[in-house]
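Single-structure report; data block below.
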Amino acid sequence: MRYLAIDYGLKRTGLAICDADETLASPLEVLTGQERLVERIADIIRAQKIEGIVVGLPLNMDDTEGSQAAKVRVFADQIARQTGLPVEFCDERLSSFGAEKKLQGLKITRKKKKKHLDAIAAAEFLQVFIDEKQKK
């Protein structure tokens, strides 16, 4: 099953996909802004032949959900209604940290790092999701 991972943000939203065998997650792109965000993602879902969606859920370190998690849940509901696809959630707390580590040491500017960070973070939690799914 091909999944699209979404690292939702108010300024930038990172997207990542996995292969049909659910073995490897790869960064796809970063969308900026909120204008027509759900429609733009729905277009990508159709173009990439996505069958399921994984949305990063920003939990607090004590496993509770804060205001940002509530916004993510509202967004995920909009995506589910727009596409008719199943939406699952994955803890994304450490995905940005992992993405930063992957970019560390590369000779690129902070601005270029920011441009790719959210898609890499989405790939981080999508990989965790598909790895956990394979174990079951």
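Residues are referred to by chain and number: the chain letter is A, B, ... according to the order shown in the structure tokens, the number counts from 1 in that chain, and ligands are numbered separately from 1 in the order shown.
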Note to self: Write out as a ChimeraX atom specification the set of residues from chain A that DSSP, computed on the backbone, places in strand (DSSP E).
What the structure shows: /A:3-7,12-18,25-32,52-57,87-91
Checklist line | Within 12 Å of Arg46 of chain A using only C-alpha atoms, minus same-chain residues under 2 positions, as a ChimeraX atom specification | finding: /A:2-4,39-44,48-52,82-85
Please return, as a PDB file with C-alpha atoms, in the first residue's frame, all residues of chain A that DSSP assigns to alpha helix (DSSP H) on the basis of the backbone.
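What ended up in selection_9.pdb:
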ATOM      1  CA  LEU A  37      -3.686  23.163   1.114  1.00  0.00           C
ATOM      2  CA  VAL A  38      -6.226  20.329   1.301  1.00  0.00           C
ATOM      3  CA  GLU A  39      -6.913  20.546  -2.442  1.00  0.00           C
ATOM      4  CA  ARG A  40      -3.199  20.643  -3.299  1.00  0.00           C
ATOM      5  CA  ILE A  41      -2.585  17.554  -1.190  1.00  0.00           C
ATOM      6  CA  ALA A  42      -5.601  15.800  -2.748  1.00  0.00           C
ATOM      7  CA  ASP A  43      -4.081  16.471  -6.199  1.00  0.00           C
ATOM      8  CA  ILE A  44      -0.772  14.943  -5.086  1.00  0.00           C
ATOM      9  CA  ILE A  45      -2.615  11.926  -3.666  1.00  0.00           C
ATOM     10  CA  ARG A  46      -4.277  11.294  -7.026  1.00  0.00           C
ATOM     11  CA  ALA A  47      -1.065  11.834  -9.005  1.00  0.00           C
ATOM     12  CA  GLN A  48       0.982   9.528  -6.747  1.00  0.00           C
ATOM     13  CA  SER A  67      -3.595  22.743  20.933  1.00  0.00           C
ATOM     14  CA  GLN A  68      -1.434  21.914  17.903  1.00  0.00           C
ATOM     15  CA  ALA A  69      -2.551  18.266  18.032  1.00  0.00           C
ATOM     16  CA  ALA A  70      -6.166  19.464  17.980  1.00  0.00           C
ATOM     17  CA  LYS A  71      -5.434  21.524  14.841  1.00  0.00           C
ATOM     18  CA  VAL A  72      -3.779  18.503  13.229  1.00  0.00           C
ATOM     19  CA  ARG A  73      -6.836  16.342  13.964  1.00  0.00           C
ATOM     20  CA  VAL A  74      -9.143  18.922  12.324  1.00  0.00           C
ATOM     21  CA  PHE A  75      -6.841  19.045   9.290  1.00  0.00           C
ATOM     22  CA  ALA A  76      -6.699  15.226   9.074  1.00  0.00           C
ATOM     23  CA  ASP A  77     -10.491  15.094   9.131  1.00  0.00           C
ATOM     24  CA  GLN A  78     -10.609  17.546   6.202  1.00  0.00           C
ATOM     25  CA  ILE A  79      -8.131  15.401   4.229  1.00  0.00           C
ATOM     26  CA  ALA A  80     -10.142  12.243   4.955  1.00  0.00           C
ATOM     27  CA  ARG A  81     -13.395  13.867   3.793  1.00  0.00           C
ATOM     28  CA  GLN A  82     -11.754  15.319   0.662  1.00  0.00           C
ATOM     29  CA  THR A  83     -10.030  12.103  -0.435  1.00  0.00           C
ATOM     30  CA  SER A  95      10.889  13.437  13.683  1.00  0.00           C
ATOM     31  CA  SER A  96      12.145  17.021  13.331  1.00  0.00           C
ATOM     32  CA  PHE A  97      15.120  16.185  15.541  1.00  0.00           C
ATOM     33  CA  GLY A  98      15.921  13.174  13.338  1.00  0.00           C
ATOM     34  CA  ALA A  99      15.557  15.271  10.201  1.00  0.00           C
ATOM     35  CA  GLU A 100      17.903  17.939  11.598  1.00  0.00           C
ATOM     36  CA  LYS A 101      20.496  15.247  12.353  1.00  0.00           C
ATOM     37  CA  LYS A 102      20.310  13.981   8.771  1.00  0.00           C
ATOM     38  CA  LEU A 103      20.962  17.470   7.428  1.00  0.00           C
ATOM     39  CA  ARG A 110      19.947  27.279   6.817  1.00  0.00           C
ATOM     40  CA  LYS A 111      17.392  28.537   4.287  1.00  0.00           C
ATOM     41  CA  LYS A 112      17.879  25.471   2.070  1.00  0.00           C
ATOM     42  CA  LYS A 113      17.705  23.184   5.102  1.00  0.00           C
ATOM     43  CA  LYS A 114      14.386  24.728   6.117  1.00  0.00           C
ATOM     44  CA  LYS A 115      13.080  24.131   2.608  1.00  0.00           C
ATOM     45  CA  HIS A 116      13.560  20.350   2.953  1.00  0.00           C
ATOM     46  CA  LEU A 117      13.288  19.756   6.702  1.00  0.00           C
ATOM     47  CA  ASP A 118       9.540  19.142   6.914  1.00  0.00           C
ATOM     48  CA  ALA A 119       9.540  16.564   4.100  1.00  0.00           C
ATOM     49  CA  ILE A 120      12.439  14.747   5.727  1.00  0.00           C
ATOM     50  CA  ALA A 121      10.615  14.827   9.068  1.00  0.00           C
ATOM     51  CA  ALA A 122       7.536  13.327   7.368  1.00  0.00           C
ATOM     52  CA  ALA A 123       9.737  10.564   5.941  1.00  0.00           C
ATOM     53  CA  GLU A 124      11.138   9.944   9.431  1.00  0.00           C
ATOM     54  CA  PHE A 125       7.759   9.210  11.018  1.00  0.00           C
ATOM     55  CA  LEU A 126       6.464   7.394   7.919  1.00  0.00           C
ATOM     56  CA  GLN A 127       9.435   5.021   8.145  1.00  0.00           C
ATOM     57  CA  VAL A 128       8.613   4.355  11.805  1.00  0.00           C
ATOM     58  CA  PHE A 129       4.974   3.751  10.850  1.00  0.00           C
ATOM     59  CA  ILE A 130       5.733   1.249   8.081  1.00  0.00           C
ATOM     60  CA  ASP A 131       8.404  -0.500  10.164  1.00  0.00           C
ATOM     61  CA  GLU A 132       5.896  -0.965  13.016  1.00  0.00           C
ATOM     62  CA  LYS A 133       3.284  -2.181  10.553  1.00  0.00           C
ATOM     63  CA  GLN A 134       5.715  -4.775   9.147  1.00  0.00           C
ATOM     64  CA  LYS A 135       6.379  -6.105  12.668  1.00  0.00           C
TER      65      LYS A 135
END
Note to self: Between A:Asp19, A:Glu65, A:Glu35, A:Asp91, which residue has the minimum interatomic distance to Ile6 of chain A, considering only C-alpha atoms?
What the structure shows: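 Going through A:Asp19, A:Glu65, A:Glu35, A:Asp91 one by one, the smallest distance to Ile6 of chain A is for A:Asp91.
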Next item on the list: Between A:Ile17, A:Glu22, A:Asp62, A:Ala5, single out the one closest to Phe89 of chain A, counting only C-alpha atoms.
Entry: A:Ala5
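Among the candidate residues A:Met61, A:Gly66, A:Pro86, A:Thr32, the one lying nearest to Leu10 of chain A is A:Thr32, with distances computed using only C-alpha atoms.
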Notebook entry, point to check: What separation in Å, quoted to one decimal, exists between atom CA of Cys18 of chain A and atom CA of Arg36 of chain A?
Noted result: 24.0 Å
List the neighbours of Glu88 of chain A out to 7 Å using only C-alpha atoms; skip same-chain residues closer than 5 positions along the sequence, and give me the result as a PDB file with C-alpha atoms, in the first residue's frame.
ATOM      1  CA  ILE A  53      -2.514   8.686   4.690  1.00  0.00           C
ATOM      2  CA  VAL A  54      -0.354   8.984   7.800  1.00  0.00           C
ATOM      3  CA  VAL A  55      -0.494  12.290   9.631  1.00  0.00           C
TER       4      VAL A  55
END
Next item on the list: For Glu29 of chain A, list every protein, DNA or RNA residue within 7 Å, evaluated using only C-alpha atoms, and leave out those in the same chain fewer than 2 positions away; present the list as a PyMOL selection string.
Entry: chain A and resi 14-16+27+31+119
Checklist line | Atom-to-atom span, atom CA of Leu59 of chain A and atom CA of Gln34 of chain A, Å | finding: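 Interatomic distance, atom CA of Leu59 of chain A to atom CA of Gln34 of chain A: 21.8 Å.
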